[in-house]
Each structure stands twice: as C-alpha cells, then as structure tokens.
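Only one structure is covered here, and it is reproduced in the block below.
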Amino acid sequence: MSAALLNLYDLTREQLRTQFARWDFSPVHAATLWNYLYLGLADSFTPPAMPKLPAKVRDRLIAETQIGVLPTALETASSDGFTHKYLLTLADAERIETVLMRYTGRVTACISSQVGCAMGCVFCATGQMGYTRHLTPGEIVAQAVHVARALRPPPPEKCHVIRDTASAMSPHTCHVIRDKPAAARLRNIVLMGMGEPLHNYDAVMTAIDILRDETGLALGAERITLSTVGVVPGILRLAAEKRPLHLAISLHAANQAERAALVPVAKKWPLDELMAACRTYSESTGRRIFYEWTLIAGKNDTPAHARAVGELLRGLPAQVNLIPLNPTNGYTGAPSHTAAAKAFQHVLASEFKLPSTVRQRRGIDIAAGCGQLAVNETSAN
Ligand code: SAH
Ligand code: SF4
C-alpha cells in the first residue's frame with residue numbers, strides 16, 4: 001500500500017463526492033464506488049470487480065487511490081471459537097489489534113485508535129508499549145471492514161484459522177481448525193482496542209461518521225461505544241458536539257491517589273475534574289455513562305471500594321462494567337476472584353441501586369490487547 005495514494009477509507013461519503021467532482025466525474029459514480037466499498041466490501045478495482053464503473057473512472061482510481069485493506073499478520077481464535085483476534089499490518093509495517101466477538105445474536109468489533117498509547121496505565125499491555133502514532137480515519141474504518149468481511153461465509157478453501165493457546169504475539173502451539181461458515185452482520189463497535197480514542201479525536205470522529213453512514217456499514221449510534229481513560233477536554237468536546245455514541249469512562253479507582261497510581265494521566269486530569277466533565281456530558285446529552293473498573297485482586301475489589309464508587313457515582317446516570325484484570329507481563333497484579341466480583345456487584349446493587357456487569361474472560365487464551373475479551377456480560381440489578 002503506497003502512502004502517496006489517497007486511501008478511500010479516509011473519506012466520508014460527502015468527501016468522496018467532492019473528490020469525484022474535482023475529477024469531473026459524476027456523483028453517480030461516487031455513489032457506486034461507495035456501495036462497492038461498504039456494501040460489497042470490495043478490496044480491488046481490478047476487473048471483474050466494480051463492473052459498473054466506467055473505465056476512465058477505474059483508471060483514475062487505480063492511478064491515484066487505494067482501498068486501504070489491512071493485511072492480516074496473524075489471526076487467532078479463542079478455544080470456544082467465539083472470539084477472533086486479528087493482528088493487522090499498517091502501511092508502515094506497524095501492527096494493531098482488532099477483535100471480533102461473536103455471541104448469540106450479538107456481533108461486536110473491538111477496534112484500535114492508535115499504535116500504542118501515551119497514557120501509560122500500569123496494568124495495560126498497550127500502555128506498557130508506549131505511544132507510536134495516531135491511526136488515520138481510514139485505518140480505523142479498515143478494521144471494521146475487516147471484521148465485516150470476516151463475518152461473511154468464507155469460501156471453503158479459505159477456512160483456516162490459527163488457534164493459539166497463549167498470546168497472538170508469541171504463538172507457541174498452533175494448529176489449523178475449520179471455521180464454521182455463518183453469515184452475520186457487524187452491528188456493534190467498541191473503541192476499546194489499542195490506544196486512547198480521545199487523544200486522536202478528529203480521526204476517530206471522522207471514522208465514526210463513515211461507519212455510521214446509513215448507505216454504508218450503517219452502524220447505529222446506539223451501538224458504538226467509545227472508551228476513554230478520562231481525557232477531560234475530549235469529554236467536554238463530545239458533550240458540546242452532542243456526538244451520538246455511548247461513552248465509557250475507565251475509572252478503576254474512586255479516589256485521586258489510588259487512581260493516579262493506576263492511571264498516570266489522572267495527575268493531568270484529576271478525578272474531580274473528570275467527574276465534573278462526566279456530569280456535564282450526561283446533562284448535555286441525556287445519556288448514561290458506562291464506568292469501567294478493572295478488578296485487581298486486593299487493590300480495588302473490596303466491598304469498601306465498591307462503596308466508594310457507589311458514593312462517587314451517586315445521582316449520576318451510570319452503569320459500572322467490571323472487568324477482571326487480564327494479566328500482562330509488565331504488571332504484577334492478579335485478577336479478582338469471581339466471589340469478589342459478585343460481592344462488589346452486590347454492594348453496588350443493594351446499597352446504591354447501581355447497575356453493573358461483570359465481563360467474563362472466556363476468550364482469555366488469546367490475550368486481548370487491552371484485556372477486552374469481553375464475552376457474555378452478566379448483568380446485575
Ligand atoms: N484507552 C481507552 C480504551 C482502550 S482500553 C481506555 O483506557 O478506556 C479499554 C479498556 O480495557 C479500559 O477500560 C482499560 O482500562 C481496560 N484494560 C486495559 N488493560 C487491561 C487489562 N490488562 N485487564 C483488564 N482490563 C484492561
Ligand atoms: Fe491507553 Fe487505555 Fe491502555 Fe490506558 S488502558 S494505556 S488509556 S489503551
């Protein structure tokens with residue numbers, strides 16, 4: 001993929017139309033191309049692909065643009081087959097992770113917004129890597145397209161998936177399995193892969209506009225969740241722009257000192273400023289916020305911690321998503337036991353009427369980039 005070529009996935013439908021106007025091509029051809037990209041999930045201009053485009057349009061596209069498909073460096077499947085993780089290669093050879101989670105009636109893509117992350121959360125594999133660069137809108141869109149493509153029933157000769165019982169980065173026991181052909185549509189997106197989406201605000205919002213376009217992938221706003229570590233200016237901007245999406249805040253601790261020990265950027269955007277921004281967001285959008293809480297044994301998983309989060313969120317439209325820690329090499333903490341998670345939930349529900357979910361880690365054997373192999377959320381309250 002050449003960097004000099006215009007990546008078509010970078011463009012909203014309107015921008016594509018403008019580009020065609022600049023080339024003196026009809027908007028009808030722009031619409032046709034858009035359909036090929038997002039309904040046909042085309043990955044090539046070469047005939048017989050895109051039969052409805054005139055030769056002069058096709059020639060120009062071949063000369064000046066590219067379809068920014070991201071090649072798969074590695075694909076792994078969890079032992080239960082519900083979760084597939086893709087390591088995708090960018091044009092500059094950097095790699096990002098995209099995860100497809102498929103449970104009954106619910107297909108979700110977990111996508112990345114950056115290569116690495118600058119926020120440095122101590123328990124996070126991406127944070128431990130450090131920051132390399134932002135993703136472009138096209139690189140974000142390409143991940144969703146990749147998953148949408150993976151959901152199409154595969155031709156029989158392409159039915160091989162590597163099953164990796166350890167980590168996608170360092171496979172040690174791989175064998176070929178047969179993927180079950182099953183058509184499904186991508187309906188949910190969570191921006192919970194590598195990176196901090198509000199640190200890459202403009203590219204993420206352009207990508208969301210493209211993903212939501214009703215004539216394309218048509219993802220519903222109520223099915224897109226953006227998770228942030230708590231970038232206060234970004235939250236306030238989301239509130240002011242009333243962006244239609246769900247917001248998740250990675251809280252992890254209910255007081256400033258404990259939070260700053262886990263999430264270093266809490267020193268820049270302290271907890272009281274973060275909570276004020278959350279209040280503004282909920283008031284201006286009328287939306288409930290999800291608060292994520294990575295459960296670390298003995299560190300933030302006791303009933304006292306649950307009471308502290310209950311107090312902190314009192315009066316706010318909130319749901320708490322508890323995620324047992326996914327162990328990483330760079331952090332010594334251990335995941336909480338199921339009993340601790342249940343007790344935490346019980347305090348939230350019985351003392352604060354606060355709804356919560358615990359994410360089961362059924363896909364842990366393929367190690368999600370951010371510990372996000374969320375399978376089968378179990379609800380309380
Ligand atoms: N940067 C954003 C989104 C990506 S991380 C954010 O921090 O919100 C998505 C979620 O995974 C966050 O809630 C994050 O705290 C959590 N997470 C990261 N590493 C984890 C791990 N090792 N175990 C469990 N959850 C983890
Ligand atoms: Fe970045 Fe989110 Fe990981 Fe923190 S948890 S380092 S913000 S990706």
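For the structure tokens, the naming scheme is as follows: chains receive sequential letters (A, B, ...) according to their order of presentation, residues are indexed from 1 within each chain, and ligands are indexed from 1 in presentation order.
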Inset, instruction - Can you tell me which residues come within 8 Å of ligand 2 when counting only C-alpha atoms and all ligand atoms, ideally as a ChimeraX atom specification? - result: /A:116-128,130,192-196,227-229,250,263,370
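The shell of residues at most 7 Å from His252 in chain A, with only C-alpha atoms counted and near chain neighbours (fewer than 5 positions) removed, consists of Arg259, Glu292, Trp293 and Thr294 of chain A.
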Can I get the selection written as an mmCIF file, in the first residue's frame, with N, CA and C atoms?
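Final output, saved to result-v6.cif:
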data_model
loop_
_atom_site.group_PDB
_atom_site.id
_atom_site.type_symbol
_atom_site.label_atom_id
_atom_site.label_comp_id
_atom_site.auth_asym_id
_atom_site.auth_seq_id
_atom_site.Cartn_x
_atom_site.Cartn_y
_atom_site.Cartn_z
ATOM 1 N N ARG A 259 -6.288 6.309 42.029
ATOM 2 C CA ARG A 259 -6.450 6.344 40.568
ATOM 3 C C ARG A 259 -5.140 6.742 39.895
ATOM 4 N N GLU A 292 -15.957 1.943 33.609
ATOM 5 C CA GLU A 292 -15.244 0.659 33.596
ATOM 6 C C GLU A 292 -14.314 0.557 34.802
ATOM 7 N N TRP A 293 -14.259 -0.637 35.304
ATOM 8 C CA TRP A 293 -13.495 -0.861 36.535
ATOM 9 C C TRP A 293 -12.743 -2.180 36.367
ATOM 10 N N THR A 294 -11.456 -2.094 36.122
ATOM 11 C CA THR A 294 -10.641 -3.299 36.003
ATOM 12 C C THR A 294 -10.395 -3.839 37.413
#
Legend entry - Who sits within 7 Å of range 345-349 of chain A, only C-alpha atoms, same chain under 4 positions skipped, as number ranges by chain: A: 303, 306-307, 310, 341, 353-356, 380-381
Inset, instruction - Show which residues sit within 12 Å of Ala207 in chain A, as a VMD selection string. Count only C-alpha atoms, and ignore same-chain residues fewer than 3 positions away. - result: chain A and resid 8 to 13 111 to 113 135 to 145 189 191 197 200 to 204 210 to 213 217 219 224
For Ile296 in chain A, find every residue with an atom within 12 Å (counting only C-alpha atoms), except residues of its own chain fewer than 6 positions away, and show them as a JSON list (two decimals) with all heavy atoms, in the first residue's frame.
[["chain", "number", "residue", "atom", "x", "y", "z"],
["A", 122, "VAL", "N", -0.85, 1.35, 34.23],
["A", 122, "VAL", "CA", 0.20, 0.41, 34.61],
["A", 122, "VAL", "C", -0.13, -1.05, 34.27],
["A", 122, "VAL", "O", 0.76, -1.85, 34.04],
["A", 122, "VAL", "CB", 0.53, 0.52, 36.12],
["A", 122, "VAL", "CG1", 1.15, 1.86, 36.43],
["A", 122, "VAL", "CG2", -0.70, 0.27, 36.99],
["A", 123, "PHE", "N", -1.43, -1.37, 34.22],
["A", 123, "PHE", "CA", -1.82, -2.78, 34.02],
["A", 123, "PHE", "C", -2.09, -3.10, 32.56],
["A", 123, "PHE", "O", -2.48, -4.22, 32.23],
["A", 123, "PHE", "CB", -3.08, -3.10, 34.84],
["A", 123, "PHE", "CG", -4.19, -2.09, 34.62],
["A", 123, "PHE", "CD1", -4.96, -2.15, 33.48],
["A", 123, "PHE", "CD2", -4.40, -1.07, 35.53],
["A", 123, "PHE", "CE1", -5.96, -1.21, 33.26],
["A", 123, "PHE", "CE2", -5.39, -0.12, 35.32],
["A", 123, "PHE", "CZ", -6.17, -0.18, 34.16],
["A", 252, "HIS", "N", -11.59, 2.78, 37.47],
["A", 252, "HIS", "CA", -10.66, 1.88, 38.18],
["A", 252, "HIS", "C", -10.42, 2.22, 39.65],
["A", 252, "HIS", "O", -9.96, 1.37, 40.41],
["A", 252, "HIS", "CB", -9.30, 1.78, 37.50],
["A", 252, "HIS", "CG", -9.36, 1.52, 36.03],
["A", 252, "HIS", "ND1", -10.13, 0.52, 35.49],
["A", 252, "HIS", "CD2", -8.75, 2.14, 34.98],
["A", 252, "HIS", "CE1", -9.99, 0.53, 34.18],
["A", 252, "HIS", "NE2", -9.17, 1.50, 33.85],
["A", 253, "ALA", "N", -10.65, 3.46, 40.03],
["A", 253, "ALA", "CA", -10.45, 3.84, 41.43],
["A", 253, "ALA", "C", -11.36, 5.03, 41.71],
["A", 253, "ALA", "O", -11.65, 5.80, 40.80],
["A", 253, "ALA", "CB", -9.00, 4.20, 41.70],
["A", 262, "LEU", "N", -2.72, 3.97, 39.30],
["A", 262, "LEU", "CA", -3.03, 3.03, 38.22],
["A", 262, "LEU", "C", -3.02, 3.72, 36.86],
["A", 262, "LEU", "O", -2.65, 3.13, 35.83],
["A", 262, "LEU", "CB", -4.42, 2.41, 38.44],
["A", 262, "LEU", "CG", -4.59, 1.51, 39.67],
["A", 262, "LEU", "CD1", -6.06, 1.16, 39.86],
["A", 262, "LEU", "CD2", -3.75, 0.25, 39.52],
["A", 302, "THR", "N", -12.57, -4.65, 46.88],
["A", 302, "THR", "CA", -13.23, -4.98, 48.15],
["A", 302, "THR", "C", -14.60, -4.28, 48.24],
["A", 302, "THR", "O", -14.86, -3.32, 47.50],
["A", 302, "THR", "CB", -12.37, -4.50, 49.34],
["A", 302, "THR", "OG1", -12.35, -3.06, 49.30],
["A", 302, "THR", "CG2", -10.94, -5.03, 49.26],
["A", 305, "HIS", "N", -14.22, -0.62, 48.42],
["A", 305, "HIS", "CA", -14.01, 0.04, 47.12],
["A", 305, "HIS", "C", -15.35, 0.21, 46.39],
["A", 305, "HIS", "O", -15.60, 1.22, 45.74],
["A", 305, "HIS", "CB", -13.03, -0.76, 46.25],
["A", 305, "HIS", "CG", -11.62, -0.70, 46.73],
["A", 305, "HIS", "ND1", -11.00, -1.75, 47.35],
["A", 305, "HIS", "CD2", -10.71, 0.30, 46.70],
["A", 305, "HIS", "CE1", -9.76, -1.41, 47.68],
["A", 305, "HIS", "NE2", -9.56, -0.16, 47.29],
["A", 322, "LEU", "N", -17.52, -4.14, 35.24],
["A", 322, "LEU", "CA", -16.38, -4.70, 35.97],
["A", 322, "LEU", "C", -15.64, -5.67, 35.05],
["A", 322, "LEU", "O", -16.24, -6.55, 34.44],
["A", 322, "LEU", "CB", -16.88, -5.43, 37.21],
["A", 322, "LEU", "CG", -17.68, -4.56, 38.19],
["A", 322, "LEU", "CD1", -18.46, -5.42, 39.18],
["A", 322, "LEU", "CD2", -16.76, -3.58, 38.91],
["A", 323, "ILE", "N", -14.34, -5.47, 34.94],
["A", 323, "ILE", "CA", -13.52, -6.30, 34.05],
["A", 323, "ILE", "C", -12.39, -6.93, 34.86],
["A", 323, "ILE", "O", -11.47, -6.22, 35.27],
["A", 323, "ILE", "CB", -12.87, -5.45, 32.93],
["A", 323, "ILE", "CG1", -13.87, -4.47, 32.32],
["A", 323, "ILE", "CG2", -12.23, -6.33, 31.87],
["A", 323, "ILE", "CD1", -13.19, -3.33, 31.56],
["A", 324, "PRO", "N", -12.47, -8.23, 35.15],
["A", 324, "PRO", "CA", -11.35, -8.84, 35.88],
["A", 324, "PRO", "C", -10.04, -8.62, 35.12],
["A", 324, "PRO", "O", -10.01, -8.77, 33.90],
["A", 324, "PRO", "CB", -11.72, -10.33, 35.93],
["A", 324, "PRO", "CG", -13.19, -10.36, 35.71],
["A", 324, "PRO", "CD", -13.52, -9.19, 34.82],
["A", 325, "LEU", "N", -9.01, -8.25, 35.82],
["A", 325, "LEU", "CA", -7.72, -7.95, 35.19],
["A", 325, "LEU", "C", -7.27, -9.08, 34.28],
["A", 325, "LEU", "O", -7.35, -10.25, 34.63],
["A", 325, "LEU", "CB", -6.65, -7.74, 36.29],
["A", 325, "LEU", "CG", -5.25, -7.45, 35.77],
["A", 325, "LEU", "CD1", -5.14, -6.00, 35.30],
["A", 325, "LEU", "CD2", -4.20, -7.73, 36.84],
["A", 326, "ASN", "N", -6.82, -8.70, 33.11],
["A", 326, "ASN", "CA", -6.18, -9.64, 32.20],
["A", 326, "ASN", "C", -4.68, -9.49, 32.46],
["A", 326, "ASN", "O", -4.12, -8.44, 32.18],
["A", 326, "ASN", "CB", -6.54, -9.21, 30.77],
["A", 326, "ASN", "CG", -6.37, -10.34, 29.79],
["A", 326, "ASN", "OD1", -6.05, -11.45, 30.15],
["A", 326, "ASN", "ND2", -6.60, -10.03, 28.52],
["A", 327, "PRO", "N", -4.04, -10.50, 33.04],
["A", 327, "PRO", "CA", -2.65, -10.31, 33.44],
["A", 327, "PRO", "C", -1.74, -9.94, 32.25],
["A", 327, "PRO", "O", -1.92, -10.45, 31.15],
["A", 327, "PRO", "CB", -2.25, -11.69, 33.99],
["A", 327, "PRO", "CG", -3.53, -12.34, 34.34],
["A", 327, "PRO", "CD", -4.55, -11.83, 33.36],
["A", 331, "TYR", "N", 3.01, -6.08, 34.66],
["A", 331, "TYR", "CA", 2.30, -5.70, 35.88],
["A", 331, "TYR", "C", 2.07, -6.93, 36.74],
["A", 331, "TYR", "O", 1.64, -7.97, 36.24],
["A", 331, "TYR", "CB", 0.95, -5.05, 35.50],
["A", 331, "TYR", "CG", 0.15, -4.55, 36.67],
["A", 331, "TYR", "CD1", 0.63, -3.51, 37.46],
["A", 331, "TYR", "CD2", -1.07, -5.13, 37.00],
["A", 331, "TYR", "CE1", -0.11, -3.05, 38.54],
["A", 331, "TYR", "CE2", -1.81, -4.67, 38.08],
["A", 331, "TYR", "CZ", -1.32, -3.63, 38.85],
["A", 331, "TYR", "OH", -2.05, -3.17, 39.91],
["A", 332, "THR", "N", 2.31, -6.79, 38.04],
["A", 332, "THR", "CA", 2.27, -7.97, 38.90],
["A", 332, "THR", "C", 0.89, -8.29, 39.48],
["A", 332, "THR", "O", 0.71, -9.34, 40.06],
["A", 332, "THR", "CB", 3.25, -7.78, 40.10],
["A", 332, "THR", "OG1", 2.96, -6.51, 40.67],
["A", 332, "THR", "CG2", 4.70, -7.86, 39.66],
["A", 333, "GLY", "N", -0.08, -7.37, 39.32],
["A", 333, "GLY", "CA", -1.39, -7.61, 39.91],
["A", 333, "GLY", "C", -2.07, -8.86, 39.36],
["A", 333, "GLY", "O", -1.74, -9.34, 38.28],
["A", 334, "ALA", "N", -3.04, -9.37, 40.13],
["A", 334, "ALA", "CA", -3.77, -10.57, 39.72],
["A", 334, "ALA", "C", -5.26, -10.24, 39.57],
["A", 334, "ALA", "O", -5.76, -9.33, 40.22],
["A", 334, "ALA", "CB", -3.58, -11.66, 40.77],
["A", 335, "PRO", "N", -5.95, -11.00, 38.71],
["A", 335, "PRO", "CA", -7.39, -10.76, 38.57],
["A", 335, "PRO", "C", -8.16, -11.11, 39.84],
["A", 335, "PRO", "O", -7.74, -11.99, 40.59],
["A", 335, "PRO", "CB", -7.80, -11.68, 37.42],
["A", 335, "PRO", "CG", -6.67, -12.62, 37.20],
["A", 335, "PRO", "CD", -5.45, -12.06, 37.83],
["A", 336, "SER", "N", -9.24, -10.41, 40.07],
["A", 336, "SER", "CA", -10.07, -10.71, 41.24],
["A", 336, "SER", "C", -10.76, -12.05, 41.06],
["A", 336, "SER", "O", -11.03, -12.48, 39.94],
["A", 336, "SER", "CB", -11.14, -9.63, 41.38],
["A", 336, "SER", "OG", -10.54, -8.38, 41.53],
["A", 337, "HIS", "N", -11.08, -12.67, 42.19],
["A", 337, "HIS", "CA", -11.86, -13.91, 42.12],
["A", 337, "HIS", "C", -13.32, -13.58, 41.82],
["A", 337, "HIS", "O", -13.79, -12.48, 42.13],
["A", 337, "HIS", "CB", -11.74, -14.67, 43.44],
["A", 337, "HIS", "CG", -10.36, -15.19, 43.66],
["A", 337, "HIS", "ND1", -9.80, -16.17, 42.87],
["A", 337, "HIS", "CD2", -9.41, -14.83, 44.55],
["A", 337, "HIS", "CE1", -8.56, -16.40, 43.27],
["A", 337, "HIS", "NE2", -8.30, -15.59, 44.29],
["A", 338, "THR", "N", -14.00, -14.56, 41.28],
["A", 338, "THR", "CA", -15.41, -14.37, 40.94],
["A", 338, "THR", "C", -16.22, -13.92, 42.16],
["A", 338, "THR", "O", -17.09, -13.06, 42.06],
["A", 338, "THR", "CB", -15.98, -15.69, 40.38],
["A", 338, "THR", "OG1", -15.11, -16.12, 39.35],
["A", 338, "THR", "CG2", -17.38, -15.52, 39.83],
["A", 340, "ALA", "N", -15.29, -12.13, 44.66],
["A", 340, "ALA", "CA", -15.06, -10.71, 44.96],
["A", 340, "ALA", "C", -15.86, -9.84, 43.98],
["A", 340, "ALA", "O", -16.46, -8.83, 44.36],
["A", 340, "ALA", "CB", -13.57, -10.39, 44.85],
["A", 341, "ALA", "N", -15.88, -10.26, 42.72],
["A", 341, "ALA", "CA", -16.64, -9.50, 41.71],
["A", 341, "ALA", "C", -18.12, -9.51, 42.06],
["A", 341, "ALA", "O", -18.81, -8.49, 41.99],
["A", 341, "ALA", "CB", -16.40, -10.10, 40.33],
["A", 344, "PHE", "N", -18.80, -7.26, 45.00],
["A", 344, "PHE", "CA", -18.70, -5.87, 44.54],
["A", 344, "PHE", "C", -20.03, -5.48, 43.91],
["A", 344, "PHE", "O", -20.63, -4.44, 44.23],
["A", 344, "PHE", "CB", -17.56, -5.79, 43.51],
["A", 344, "PHE", "CG", -16.97, -4.42, 43.30],
["A", 344, "PHE", "CD1", -15.73, -4.07, 43.83],
["A", 344, "PHE", "CD2", -17.65, -3.48, 42.53],
["A", 344, "PHE", "CE1", -15.18, -2.80, 43.62],
["A", 344, "PHE", "CE2", -17.11, -2.21, 42.31],
["A", 344, "PHE", "CZ", -15.87, -1.87, 42.86]]
